[in-house]
file upload_33.pdb (PDB, C-alpha atoms and all ligand atoms)
ATOM      1  CA  MET A  27      23.489   4.927   2.508  1.00  0.00           C
ATOM      2  CA  ALA A  28      20.955   5.832  -0.132  1.00  0.00           C
ATOM      3  CA  PHE A  29      17.447   4.420  -0.152  1.00  0.00           C
ATOM      4  CA  GLU A  30      16.933   1.861  -2.899  1.00  0.00           C
ATOM      5  CA  LEU A  31      14.034   0.586  -4.987  1.00  0.00           C
ATOM      6  CA  PRO A  32      13.382  -2.997  -3.864  1.00  0.00           C
ATOM      7  CA  PRO A  33      12.688  -5.456  -6.682  1.00  0.00           C
ATOM      8  CA  LEU A  34       9.123  -6.630  -7.194  1.00  0.00           C
ATOM      9  CA  PRO A  35       8.527  -9.911  -5.332  1.00  0.00           C
ATOM     10  CA  TYR A  36       7.239 -11.506  -8.606  1.00  0.00           C
ATOM     11  CA  ALA A  37       7.641 -11.109 -12.353  1.00  0.00           C
ATOM     12  CA  LYS A  38       6.044  -8.052 -13.955  1.00  0.00           C
ATOM     13  CA  ASN A  39       3.495 -10.178 -15.817  1.00  0.00           C
ATOM     14  CA  ALA A  40       2.744 -12.452 -12.836  1.00  0.00           C
ATOM     15  CA  LEU A  41      -0.411 -10.603 -11.760  1.00  0.00           C
ATOM     16  CA  GLU A  42      -2.073 -10.648 -15.188  1.00  0.00           C
ATOM     17  CA  PRO A  43      -4.852 -10.344 -16.155  1.00  0.00           C
ATOM     18  CA  HIS A  44      -5.781  -8.457 -12.958  1.00  0.00           C
ATOM     19  CA  THR A  45      -2.840  -6.041 -13.126  1.00  0.00           C
ATOM     20  CA  SER A  46      -0.879  -5.867 -16.368  1.00  0.00           C
ATOM     21  CA  ALA A  47       2.872  -5.946 -16.873  1.00  0.00           C
ATOM     22  CA  GLN A  48       2.532  -2.479 -18.382  1.00  0.00           C
ATOM     23  CA  THR A  49       0.936  -1.158 -15.189  1.00  0.00           C
ATOM     24  CA  LEU A  50       3.682  -2.683 -13.024  1.00  0.00           C
ATOM     25  CA  ASP A  51       6.320  -1.388 -15.428  1.00  0.00           C
ATOM     26  CA  PHE A  52       5.119   2.181 -14.860  1.00  0.00           C
ATOM     27  CA  HIS A  53       3.953   1.811 -11.264  1.00  0.00           C
ATOM     28  CA  HIS A  54       7.105   0.137  -9.935  1.00  0.00           C
ATOM     29  CA  GLY A  55       9.678   1.198 -12.511  1.00  0.00           C
ATOM     30  CA  LYS A  56       8.627   4.840 -12.851  1.00  0.00           C
ATOM     31  CA  HIS A  57       6.381   5.962  -9.966  1.00  0.00           C
ATOM     32  CA  HIS A  58       7.969   4.013  -7.103  1.00  0.00           C
ATOM     33  CA  GLN A  59      11.451   4.702  -8.521  1.00  0.00           C
ATOM     34  CA  ALA A  60      10.675   8.438  -8.665  1.00  0.00           C
ATOM     35  CA  TYR A  61       9.710   8.484  -4.970  1.00  0.00           C
ATOM     36  CA  VAL A  62      13.030   6.773  -4.125  1.00  0.00           C
ATOM     37  CA  THR A  63      15.019   9.219  -6.271  1.00  0.00           C
ATOM     38  CA  ASN A  64      13.186  12.251  -4.872  1.00  0.00           C
ATOM     39  CA  LEU A  65      13.664  11.060  -1.292  1.00  0.00           C
ATOM     40  CA  ASN A  66      17.401  10.562  -1.768  1.00  0.00           C
ATOM     41  CA  ASN A  67      17.737  14.043  -3.250  1.00  0.00           C
ATOM     42  CA  LEU A  68      15.703  15.624  -0.423  1.00  0.00           C
ATOM     43  CA  VAL A  69      17.607  14.037   2.488  1.00  0.00           C
ATOM     44  CA  LYS A  70      21.084  14.247   0.954  1.00  0.00           C
ATOM     45  CA  GLY A  71      23.479  15.919   3.396  1.00  0.00           C
ATOM     46  CA  SER A  72      20.827  16.177   6.164  1.00  0.00           C
ATOM     47  CA  PRO A  73      20.653  14.257   9.462  1.00  0.00           C
ATOM     48  CA  LEU A  74      17.844  12.152   7.950  1.00  0.00           C
ATOM     49  CA  GLU A  75      20.180  10.679   5.366  1.00  0.00           C
ATOM     50  CA  ASN A  76      21.349   7.809   7.560  1.00  0.00           C
ATOM     51  CA  GLN A  77      18.068   7.058   9.330  1.00  0.00           C
ATOM     52  CA  SER A  78      15.768   4.159   8.581  1.00  0.00           C
ATOM     53  CA  LEU A  79      12.844   4.767   6.257  1.00  0.00           C
ATOM     54  CA  GLU A  80      10.433   4.484   9.190  1.00  0.00           C
ATOM     55  CA  GLN A  81      12.443   7.010  11.217  1.00  0.00           C
ATOM     56  CA  VAL A  82      12.435   9.440   8.282  1.00  0.00           C
ATOM     57  CA  ILE A  83       8.645   9.075   7.903  1.00  0.00           C
ATOM     58  CA  MET A  84       7.979   9.741  11.584  1.00  0.00           C
ATOM     59  CA  ALA A  85      10.433  12.662  11.805  1.00  0.00           C
ATOM     60  CA  ALA A  86       9.137  14.336   8.647  1.00  0.00           C
ATOM     61  CA  HIS A  87       5.510  13.836   9.669  1.00  0.00           C
ATOM     62  CA  SER A  88       6.022  15.881  12.816  1.00  0.00           C
ATOM     63  CA  ASP A  89       7.776  18.741  10.952  1.00  0.00           C
ATOM     64  CA  SER A  90       5.568  20.762   8.605  1.00  0.00           C
ATOM     65  CA  SER A  91       8.651  22.092   6.794  1.00  0.00           C
ATOM     66  CA  LYS A  92       9.412  18.538   5.646  1.00  0.00           C
ATOM     67  CA  ALA A  93       6.190  17.753   3.772  1.00  0.00           C
ATOM     68  CA  GLY A  94       8.127  16.813   0.644  1.00  0.00           C
ATOM     69  CA  VAL A  95      10.316  14.395   2.566  1.00  0.00           C
ATOM     70  CA  PHE A  96       7.245  12.862   4.236  1.00  0.00           C
ATOM     71  CA  ASN A  97       5.362  12.454   0.968  1.00  0.00           C
ATOM     72  CA  ASN A  98       8.225  10.717  -0.814  1.00  0.00           C
ATOM     73  CA  ALA A  99       9.359   8.595   2.153  1.00  0.00           C
ATOM     74  CA  ALA A 100       5.823   7.420   2.925  1.00  0.00           C
ATOM     75  CA  GLN A 101       5.189   6.640  -0.735  1.00  0.00           C
ATOM     76  CA  VAL A 102       8.386   4.561  -0.825  1.00  0.00           C
ATOM     77  CA  TRP A 103       7.212   2.606   2.235  1.00  0.00           C
ATOM     78  CA  ASN A 104       3.580   2.285   1.085  1.00  0.00           C
ATOM     79  CA  HIS A 105       4.527   0.949  -2.344  1.00  0.00           C
ATOM     80  CA  THR A 106       7.016  -1.620  -1.010  1.00  0.00           C
ATOM     81  CA  PHE A 107       4.296  -2.772   1.391  1.00  0.00           C
ATOM     82  CA  PHE A 108       1.687  -2.848  -1.397  1.00  0.00           C
ATOM     83  CA  TRP A 109       3.779  -5.107  -3.684  1.00  0.00           C
ATOM     84  CA  ASN A 110       3.971  -7.611  -0.851  1.00  0.00           C
ATOM     85  CA  CYS A 111       0.208  -7.442  -0.301  1.00  0.00           C
ATOM     86  CA  MET A 112      -0.275  -9.153  -3.683  1.00  0.00           C
ATOM     87  CA  LYS A 113       0.825 -12.459  -5.161  1.00  0.00           C
ATOM     88  CA  PRO A 114       0.070 -14.508  -8.273  1.00  0.00           C
ATOM     89  CA  GLY A 115      -2.928 -16.699  -7.524  1.00  0.00           C
ATOM     90  CA  GLY A 116      -3.840 -14.605  -4.500  1.00  0.00           C
ATOM     91  CA  GLY A 117      -7.262 -13.867  -3.077  1.00  0.00           C
ATOM     92  CA  GLY A 118      -9.218 -16.612  -1.398  1.00  0.00           C
ATOM     93  CA  ALA A 119      -9.612 -16.485   2.348  1.00  0.00           C
ATOM     94  CA  PRO A 120      -7.290 -15.857   5.280  1.00  0.00           C
ATOM     95  CA  GLY A 121      -6.860 -18.488   7.967  1.00  0.00           C
ATOM     96  CA  GLY A 122      -5.968 -18.768  11.611  1.00  0.00           C
ATOM     97  CA  ASP A 123      -5.784 -15.714  13.862  1.00  0.00           C
ATOM     98  CA  LEU A 124      -6.389 -13.275  11.013  1.00  0.00           C
ATOM     99  CA  ALA A 125      -9.614 -14.967   9.949  1.00  0.00           C
ATOM    100  CA  ALA A 126     -10.769 -15.011  13.568  1.00  0.00           C
ATOM    101  CA  ALA A 127      -9.944 -11.313  14.002  1.00  0.00           C
ATOM    102  CA  ILE A 128     -11.808 -10.377  10.801  1.00  0.00           C
ATOM    103  CA  ASP A 129     -14.820 -12.331  12.066  1.00  0.00           C
ATOM    104  CA  ARG A 130     -14.599 -10.714  15.503  1.00  0.00           C
ATOM    105  CA  ASP A 131     -13.968  -7.088  14.505  1.00  0.00           C
ATOM    106  CA  LEU A 132     -15.214  -6.675  10.931  1.00  0.00           C
ATOM    107  CA  GLY A 133     -18.245  -8.940  10.621  1.00  0.00           C
ATOM    108  CA  GLY A 134     -16.590 -11.709   8.617  1.00  0.00           C
ATOM    109  CA  LEU A 135     -14.728 -11.930   5.307  1.00  0.00           C
ATOM    110  CA  ALA A 136     -17.661 -11.105   3.014  1.00  0.00           C
ATOM    111  CA  LYS A 137     -18.512  -7.948   4.943  1.00  0.00           C
ATOM    112  CA  PHE A 138     -14.827  -7.011   5.157  1.00  0.00           C
ATOM    113  CA  LYS A 139     -14.513  -7.266   1.371  1.00  0.00           C
ATOM    114  CA  ASP A 140     -17.635  -5.152   0.802  1.00  0.00           C
ATOM    115  CA  ASP A 141     -16.501  -2.509   3.292  1.00  0.00           C
ATOM    116  CA  PHE A 142     -12.881  -2.449   2.070  1.00  0.00           C
ATOM    117  CA  LYS A 143     -14.078  -2.031  -1.515  1.00  0.00           C
ATOM    118  CA  ALA A 144     -16.417   0.784  -0.487  1.00  0.00           C
ATOM    119  CA  ALA A 145     -13.615   2.483   1.446  1.00  0.00           C
ATOM    120  CA  GLY A 146     -11.218   2.297  -1.496  1.00  0.00           C
ATOM    121  CA  ALA A 147     -13.845   3.412  -3.993  1.00  0.00           C
ATOM    122  CA  GLY A 148     -14.944   6.234  -1.714  1.00  0.00           C
ATOM    123  CA  ARG A 149     -11.476   7.664  -1.003  1.00  0.00           C
ATOM    124  CA  PHE A 150     -11.750  10.994  -2.840  1.00  0.00           C
ATOM    125  CA  GLY A 151      -8.782  11.631  -5.116  1.00  0.00           C
ATOM    126  CA  SER A 152      -5.508   9.802  -4.545  1.00  0.00           C
ATOM    127  CA  GLY A 153      -4.806   7.589  -1.567  1.00  0.00           C
ATOM    128  CA  TRP A 154      -4.784   4.170  -0.008  1.00  0.00           C
ATOM    129  CA  ALA A 155      -7.261   1.695   1.516  1.00  0.00           C
ATOM    130  CA  TRP A 156      -5.941  -0.237   4.518  1.00  0.00           C
ATOM    131  CA  LEU A 157      -6.647  -3.073   6.892  1.00  0.00           C
ATOM    132  CA  VAL A 158      -4.933  -2.054  10.127  1.00  0.00           C
ATOM    133  CA  ALA A 159      -4.573  -3.226  13.710  1.00  0.00           C
ATOM    134  CA  GLU A 160      -4.940  -0.645  16.464  1.00  0.00           C
ATOM    135  CA  LYS A 161      -4.822  -1.548  20.143  1.00  0.00           C
ATOM    136  CA  GLY A 162      -5.537  -5.191  19.358  1.00  0.00           C
ATOM    137  CA  LYS A 163      -8.513  -4.472  17.109  1.00  0.00           C
ATOM    138  CA  LEU A 164      -8.794  -4.665  13.317  1.00  0.00           C
ATOM    139  CA  LYS A 165     -10.105  -1.671  11.383  1.00  0.00           C
ATOM    140  CA  ILE A 166     -10.566  -0.570   7.793  1.00  0.00           C
ATOM    141  CA  ALA A 167      -8.964   2.805   7.144  1.00  0.00           C
ATOM    142  CA  THR A 168      -8.113   5.066   4.238  1.00  0.00           C
ATOM    143  CA  THR A 169      -5.386   7.674   3.889  1.00  0.00           C
ATOM    144  CA  PRO A 170      -5.144  10.538   1.396  1.00  0.00           C
ATOM    145  CA  ASN A 171      -2.145  10.972  -0.886  1.00  0.00           C
ATOM    146  CA  ALA A 172       0.959   9.540   0.843  1.00  0.00           C
ATOM    147  CA  GLY A 173      -0.711   8.992   4.221  1.00  0.00           C
ATOM    148  CA  THR A 174       0.419   5.878   6.074  1.00  0.00           C
ATOM    149  CA  PRO A 175      -1.043   4.200   9.183  1.00  0.00           C
ATOM    150  CA  MET A 176       2.153   4.272  11.261  1.00  0.00           C
ATOM    151  CA  THR A 177       1.709   7.990  11.951  1.00  0.00           C
ATOM    152  CA  ASP A 178      -1.692   7.214  13.508  1.00  0.00           C
ATOM    153  CA  GLY A 179      -0.260   4.536  15.796  1.00  0.00           C
ATOM    154  CA  GLN A 180      -1.734   1.777  13.659  1.00  0.00           C
ATOM    155  CA  THR A 181      -0.050  -1.343  12.291  1.00  0.00           C
ATOM    156  CA  ALA A 182      -0.680  -1.882   8.586  1.00  0.00           C
ATOM    157  CA  LEU A 183      -1.805  -5.403   7.724  1.00  0.00           C
ATOM    158  CA  LEU A 184      -2.904  -4.939   4.106  1.00  0.00           C
ATOM    159  CA  THR A 185      -3.236  -2.110   1.604  1.00  0.00           C
ATOM    160  CA  CYS A 186      -4.598  -1.360  -1.843  1.00  0.00           C
ATOM    161  CA  ASP A 187      -3.195   1.607  -3.763  1.00  0.00           C
ATOM    162  CA  VAL A 188      -6.138   3.588  -5.140  1.00  0.00           C
ATOM    163  CA  TRP A 189      -4.144   6.287  -6.916  1.00  0.00           C
ATOM    164  CA  GLU A 190      -5.196   6.359 -10.580  1.00  0.00           C
ATOM    165  CA  HIS A 191      -1.684   5.260 -11.587  1.00  0.00           C
ATOM    166  CA  ALA A 192      -2.395   1.912  -9.873  1.00  0.00           C
ATOM    167  CA  TYR A 193      -5.242   0.940 -12.197  1.00  0.00           C
ATOM    168  CA  TYR A 194      -5.922   3.410 -14.992  1.00  0.00           C
ATOM    169  CA  LEU A 195      -4.154   1.500 -17.801  1.00  0.00           C
ATOM    170  CA  ASP A 196      -6.151  -1.645 -16.982  1.00  0.00           C
ATOM    171  CA  TYR A 197      -9.443  -0.354 -15.575  1.00  0.00           C
ATOM    172  CA  GLN A 198      -9.604   3.317 -16.671  1.00  0.00           C
ATOM    173  CA  ASN A 199     -12.164   5.001 -14.379  1.00  0.00           C
ATOM    174  CA  ARG A 200     -13.443   1.728 -12.845  1.00  0.00           C
ATOM    175  CA  ARG A 201     -11.634   1.894  -9.514  1.00  0.00           C
ATOM    176  CA  PRO A 202     -14.192  -0.372  -7.749  1.00  0.00           C
ATOM    177  CA  ASP A 203     -13.464  -3.122 -10.300  1.00  0.00           C
ATOM    178  CA  PHE A 204      -9.748  -2.873  -9.539  1.00  0.00           C
ATOM    179  CA  VAL A 205     -10.319  -3.111  -5.781  1.00  0.00           C
ATOM    180  CA  GLN A 206     -12.646  -6.086  -6.344  1.00  0.00           C
ATOM    181  CA  ALA A 207      -9.987  -7.837  -8.462  1.00  0.00           C
ATOM    182  CA  PHE A 208      -7.394  -7.048  -5.783  1.00  0.00           C
ATOM    183  CA  LEU A 209      -9.586  -8.697  -3.137  1.00  0.00           C
ATOM    184  CA  ASP A 210     -10.683 -11.674  -5.246  1.00  0.00           C
ATOM    185  CA  HIS A 211      -7.466 -12.532  -7.114  1.00  0.00           C
ATOM    186  CA  LEU A 212      -4.406 -10.716  -5.774  1.00  0.00           C
ATOM    187  CA  VAL A 213      -4.444 -10.433  -1.960  1.00  0.00           C
ATOM    188  CA  ASN A 214      -1.576 -12.202  -0.216  1.00  0.00           C
ATOM    189  CA  TRP A 215      -3.308 -13.199   3.012  1.00  0.00           C
ATOM    190  CA  ASP A 216      -0.145 -14.868   4.336  1.00  0.00           C
ATOM    191  CA  PHE A 217       1.608 -11.490   4.263  1.00  0.00           C
ATOM    192  CA  ALA A 218      -1.302  -9.847   6.107  1.00  0.00           C
ATOM    193  CA  ALA A 219      -1.247 -12.629   8.693  1.00  0.00           C
ATOM    194  CA  SER A 220       2.491 -12.158   9.233  1.00  0.00           C
ATOM    195  CA  ASN A 221       1.898  -8.447   9.864  1.00  0.00           C
ATOM    196  CA  LEU A 222      -0.820  -9.257  12.408  1.00  0.00           C
ATOM    197  CA  ALA A 223       1.534 -11.668  14.176  1.00  0.00           C
ATOM    198  CA  LYS A 224       4.150  -8.885  14.413  1.00  0.00           C
ATOM    199  CA  ALA A 225       1.538  -6.443  15.770  1.00  0.00           C
ATOM    200  CA  LYS A 226       0.902  -8.603  18.810  1.00  0.00           C
TER     201      LYS A 226
HETATM  202 FE    FE B 301       1.073   3.918  -6.447  1.00  0.00          FE
END
call {"tool": "encode", "arguments": {"input": "upload_33.pdb", "output": "structure tokens"}}
result
Amino acid sequence: MAFELPPLPYAKNALEPHTSAQTLDFHHGKHHQAYVTNLNNLVKGSPLENQSLEQVIMAAHSDSSKAGVFNNAAQVWNHTFFWNCMKPGGGGAPGGDLAAAIDRDLGGLAKFKDDFKAAGAGRFGSGWAWLVAEKGKLKIATTPNAGTPMTDGQTALLTCDVWEHAYYLDYQNRRPDFVQAFLDHLVNWDFAASNLAKAK
């Protein structure tokens, strides 16, 4: 069974003005689609073809001859996760266990937002900024290129794509402004909280 591009969980213009329909048209319709197409071509006829996406990521990560498979599989997973990390009218503050964990491990929401923004802005080149859970503790992390927290034994709670293709049409070189808009207006805290609940 071939891997498929999942539909966006909202309309292409639903995140405006913080992320434009044009950006989502390219980012989902072209970039994410290309990772899906490349992955299907790379695993066709191999034992990986019928594995889950997570199984393919883990198997390819431990085999240096499968860097292309890893890069495309992880980018498929990361992008699907990223779309769900945003919603129209997002931002605001988390509640419940997630808010308590951010207070306990990351110095509160305001400090988390400052540190997450700095991490995303400071990730040299292409990559991802993450909020992860590891051994019951929350951390801010970044990964280069297609890197994904599952290969480090971490559970992803939230991510922001900081590849230029995620923001260049709307923000040009101003990556920090994009990450700030993500935090203030787009974050789907309910999705992050559901990932924390699954990590326990
Ligand atoms: Fe992307």
call {"tool": "resolve_selection", "arguments": {"input": "upload_33.pdb", "expression": "the PyMOL selection byres (((not hetatm)) within 7 of (chain B and resi 301))", "output": "PyMOL selection string"}}
result
chain A and resi 53+57-58+105+187+189+191-192
call {"tool": "atom_distance", "arguments": {"input": "upload_33.pdb", "atom1": "CA of Arg200 (chain A)", "atom2": "CA of Phe142 (chain A)"}}
result
15.5 Å
call {"tool": "resolve_selection", "arguments": {"input": "upload_33.pdb", "expression": "the PyMOL selection byres (((chain A and resi 201-215) around 8) and not hetatm)", "output": "ChimeraX atom specification"}}
result
/A:41,44,110-120,139,143-144,146-147,186,188,190,193,197-200,216-219
call {"tool": "resolve_selection", "arguments": {"input": "upload_33.pdb", "expression": "the PyMOL selection byres (((chain A and resi 152) around 8) and not hetatm)", "output": "CSV table (one decimal) with C-alpha atoms, in the coordinates of the input"}}
result
chain,number,residue,atom,x,y,z
A,149,ARG,CA,-11.5,7.7,-1.0
A,150,PHE,CA,-11.8,11.0,-2.8
A,151,GLY,CA,-8.8,11.6,-5.1
A,153,GLY,CA,-4.8,7.6,-1.6
A,154,TRP,CA,-4.8,4.2,0.0
A,170,PRO,CA,-5.1,10.5,1.4
A,171,ASN,CA,-2.1,11.0,-0.9
A,188,VAL,CA,-6.1,3.6,-5.1
A,189,TRP,CA,-4.1,6.3,-6.9
A,190,GLU,CA,-5.2,6.4,-10.6
call {"tool": "atom_distance", "arguments": {"input": "upload_33.pdb", "atom1": "CA of Gly121 (chain A)", "atom2": "CA of His54 (chain A)"}}
result
29.4 Å
call {"tool": "closest_residue", "arguments": {"input": "upload_33.pdb", "among": "A:Ile166, A:Ala155, A:Lys56, A:Asn76", "to": "Phe138 (chain A)", "atoms": "all atoms listed in the file"}}
result
A:Ile166
call {"tool": "atom_distance", "arguments": {"input": "upload_33.pdb", "atom1": "CA of Lys92 (chain A)", "atom2": "CA of Asp178 (chain A)"}}
result
17.7 Å
call {"tool": "residues_around", "arguments": {"input": "upload_33.pdb", "residues": "Ala93 (chain A)", "least_positions_apart": "2", "cutoff": "12 Å", "atoms": "all atoms listed in the file", "output": "list in words"}}
result
Leu65, Leu68, Val82, Ile83, Met84, Ala85, Ala86, His87, Ser88, Asp89, Ser90, Ser91, Val95, Phe96, Asn97, Asn98, Ala99, Ala100, Asn171, Ala172 and Gly173 of chain A
call {"tool": "closest_residue", "arguments": {"input": "upload_33.pdb", "among": "A:Leu74, A:Ala145, A:Leu164, A:Leu195", "to": "Ala125 (chain A)", "atoms": "only C-alpha atoms"}}
result
A:Leu164
call {"tool": "axis_aligned_box", "arguments": {"input": "upload_33.pdb", "around": "region 192-210 of chain A", "padding_each_side": "8 Å", "output": "AutoDock Vina command-line options"}}
result
--center_x -8.3 --center_y -3.3 --center_z -10.5 --size_x 27.8 --size_y 32.7 --size_z 30.7
call {"tool": "closest_residue", "arguments": {"input": "upload_33.pdb", "among": "A:Trp109, A:Ala167, A:Asp140, A:Asn104", "to": "Tyr36 (chain A)", "atoms": "only C-alpha atoms"}}
result
A:Trp109
